[in-house]
Amino acid sequence: MNIKIIVATHKQYRMPSDPAYLPIHVGKSGKRFLGYEGDDTGENISEKNANYCELTGLYWAWKNLDADVIGLAHYRRHFMSPFRGGSKWERIITVGELDELCGRYDIIVSHKRKYYIENNYSHYIHAHHKEGLDLLCKIIKDYYPHYARTCDIVMNRSWGHMFNMFIMKRDYCDRYCEWLFDILFKAEERLDISSYSAVEVRVFGYISEFLLDIWIENNGYKYGEIPVKFMEWQNWLVKGGRFLMRKFL
């Protein structure tokens, strides 16, 4: 089984050595060569990277990559093996382990991220402009009404499979990307982001994180969860403090 996990990056960084991993320079259009494959070859949306984040890499993989299984990871965030321990870099899942998991599941996602005191919708609007997420839900209800109930369920619960990270068999990836990008391109046509900050213009990358759960659950696909680790040190006290400030202030 030919498995390829693209590793979205915008700079040179330590990469997994396993042959399953393919570093992709996202937003490569017009940028200097980093030594990695760029998302600006073949059919691509590289120029939309400021708004779509790692999804320009996913679009490139969907349109140009020949593989039986396609996945998406980040240069500082990787799937971990559920079978063995070790340091973070030693524990990154390998092609052999993925081959076994892909025999069990059609789709592999990260462990649930839980918010506890907020639901997905309130967590998002306390950190970002709400218009983007409201528009996403409206487009789903207008164009894909059979997904509307699942959309409401995902928005109103307090956990999700985040980061746009997944590993899918090719036919599932094709179906997902066709649905995902149709919704996002419709949102892009309708949402005015001319006054957004350099952070908030990433809106289509942000709101897309909810679409994976909506799509999987609405279609009843069989999926498995494995751990995901951030590869650098994080100050959880500061991170938690910011979360509470957004919630209450």
# chains A, B, ... in the order shown; residues from 1 in each chain; ligands from 1
>>> residues_around(residues="A:Ile216", least_positions_apart="3", cutoff="10 Å", atoms="only C-alpha atoms", output="JSON list (two decimals) with N, CA and C atoms, in the first residue's frame")
[["chain", "number", "residue", "atom", "x", "y", "z"],
["A", 107, "ILE", "N", -10.54, 5.68, 7.86],
["A", 107, "ILE", "CA", -10.05, 7.03, 8.17],
["A", 107, "ILE", "C", -9.40, 7.00, 9.55],
["A", 150, "THR", "N", -26.18, 17.23, 11.53],
["A", 150, "THR", "CA", -24.85, 16.88, 12.03],
["A", 150, "THR", "C", -24.02, 18.13, 12.30],
["A", 172, "TYR", "N", -11.78, 7.92, -0.13],
["A", 172, "TYR", "CA", -12.39, 8.75, 0.90],
["A", 172, "TYR", "C", -11.82, 10.17, 0.84],
["A", 176, "TYR", "N", -13.93, 13.56, 0.35],
["A", 176, "TYR", "CA", -13.87, 14.62, 1.35],
["A", 176, "TYR", "C", -13.41, 15.94, 0.74],
["A", 211, "LEU", "N", -15.21, 20.80, 9.62],
["A", 211, "LEU", "CA", -15.84, 20.05, 8.53],
["A", 211, "LEU", "C", -15.52, 18.56, 8.56],
["A", 212, "LEU", "N", -14.34, 18.20, 9.05],
["A", 212, "LEU", "CA", -13.96, 16.80, 9.06],
["A", 212, "LEU", "C", -14.94, 15.96, 9.88],
["A", 213, "ASP", "N", -15.26, 16.40, 11.09],
["A", 213, "ASP", "CA", -16.19, 15.65, 11.93],
["A", 213, "ASP", "C", -17.58, 15.63, 11.32],
["A", 219, "ASN", "N", -21.80, 10.69, 7.33],
["A", 219, "ASN", "CA", -21.74, 9.56, 6.41],
["A", 219, "ASN", "C", -21.53, 8.22, 7.11],
["A", 220, "GLY", "N", -21.35, 8.25, 8.42],
["A", 220, "GLY", "CA", -21.21, 7.02, 9.18],
["A", 220, "GLY", "C", -19.94, 6.24, 8.87],
["A", 221, "TYR", "N", -18.86, 6.95, 8.52],
["A", 221, "TYR", "CA", -17.62, 6.27, 8.17],
["A", 221, "TYR", "C", -16.93, 5.71, 9.41],
["A", 222, "LYS", "N", -16.26, 4.61, 9.23],
["A", 222, "LYS", "CA", -15.52, 3.96, 10.31],
["A", 222, "LYS", "C", -14.16, 4.63, 10.46],
["A", 223, "TYR", "N", -13.88, 5.16, 11.64],
["A", 223, "TYR", "CA", -12.61, 5.85, 11.87],
["A", 223, "TYR", "C", -11.96, 5.38, 13.16]]
>>> select_by_dssp(residues="stretch 22-193 of chain A", states="strand (DSSP E)", output="number ranges by chain")
A: 22-25, 37-38, 69-74, 77-79, 107-110, 113-114, 159-160, 166-169
>>> atom_distance(atom1="atom CA of A:Cys173", atom2="atom CA of A:Leu72")
10.6 Å
>>> residues_around(residues="A:Val7", least_positions_apart="4", cutoff="9 Å", atoms="only C-alpha atoms", output="MDAnalysis selection string")
chainID A and resid 15 21:25 54 57 71:75 77:78
>>> residues_around(residues="A:Ser122", least_positions_apart="5", cutoff="10 Å", atoms="only C-alpha atoms", output="PyMOL selection string")
chain A and resi 117+127-128+130+155-158+247
>>> atom_distance(atom1="atom CA of A:His111", atom2="atom CA of A:Glu225")
5.1 Å
>>> select_by_dssp(residues="stretch 107-236 of chain A", states="helix (DSSP H, G or I)", output="PyMOL selection string")
chain A and resi 120-125+130-143+145-155+170-190+200-219+236
>>> closest_residue(among="A:Ile70, A:Asp39, A:Ile3, A:Trp179", to="A:Thr94", atoms="only C-alpha atoms")
A:Ile3
>>> closest_residue(among="A:His10, A:Ile140, A:Leu191, A:Lys186", to="A:Phe33", atoms="only C-alpha atoms")
A:His10
>>> closest_atom_pairs(of="stretch 110-144 of chain A", to="stretch 226-235 of chain A", cutoff="12 Å", atoms="only C-alpha atoms", output="tab-separated table")
residue	atom	partner	partner_atom	distance
A:Ser110	CA	A:Ile226	CA	5.2
A:His111	CA	A:Pro227	CA	5.4
A:Lys112	CA	A:Pro227	CA	8.9
A:Arg113	CA	A:Val228	CA	10.0
>>> residues_around(residues="A:Tyr116", least_positions_apart="2", cutoff="8 Å", atoms="only C-alpha atoms", output="mmCIF file with N, CA and C atoms, in the first residue's frame")
data_model
loop_
_atom_site.group_PDB
_atom_site.id
_atom_site.type_symbol
_atom_site.label_atom_id
_atom_site.label_comp_id
_atom_site.auth_asym_id
_atom_site.auth_seq_id
_atom_site.Cartn_x
_atom_site.Cartn_y
_atom_site.Cartn_z
ATOM 1 N N LYS A 114 -10.729 18.300 23.790
ATOM 2 C CA LYS A 114 -11.890 18.615 24.624
ATOM 3 C C LYS A 114 -11.766 20.022 25.213
ATOM 4 N N GLU A 118 -16.733 25.026 27.253
ATOM 5 C CA GLU A 118 -17.306 25.659 26.080
ATOM 6 C C GLU A 118 -17.660 24.608 25.050
ATOM 7 N N ASN A 119 -18.603 24.956 24.173
ATOM 8 C CA ASN A 119 -18.824 24.087 23.029
ATOM 9 C C ASN A 119 -17.973 24.585 21.858
ATOM 10 N N SER A 158 -18.590 19.759 22.961
ATOM 11 C CA SER A 158 -17.376 20.377 23.497
ATOM 12 C C SER A 158 -16.099 19.610 23.139
ATOM 13 N N TRP A 159 -16.100 18.891 22.033
ATOM 14 C CA TRP A 159 -14.893 18.192 21.597
ATOM 15 C C TRP A 159 -14.901 18.079 20.076
#
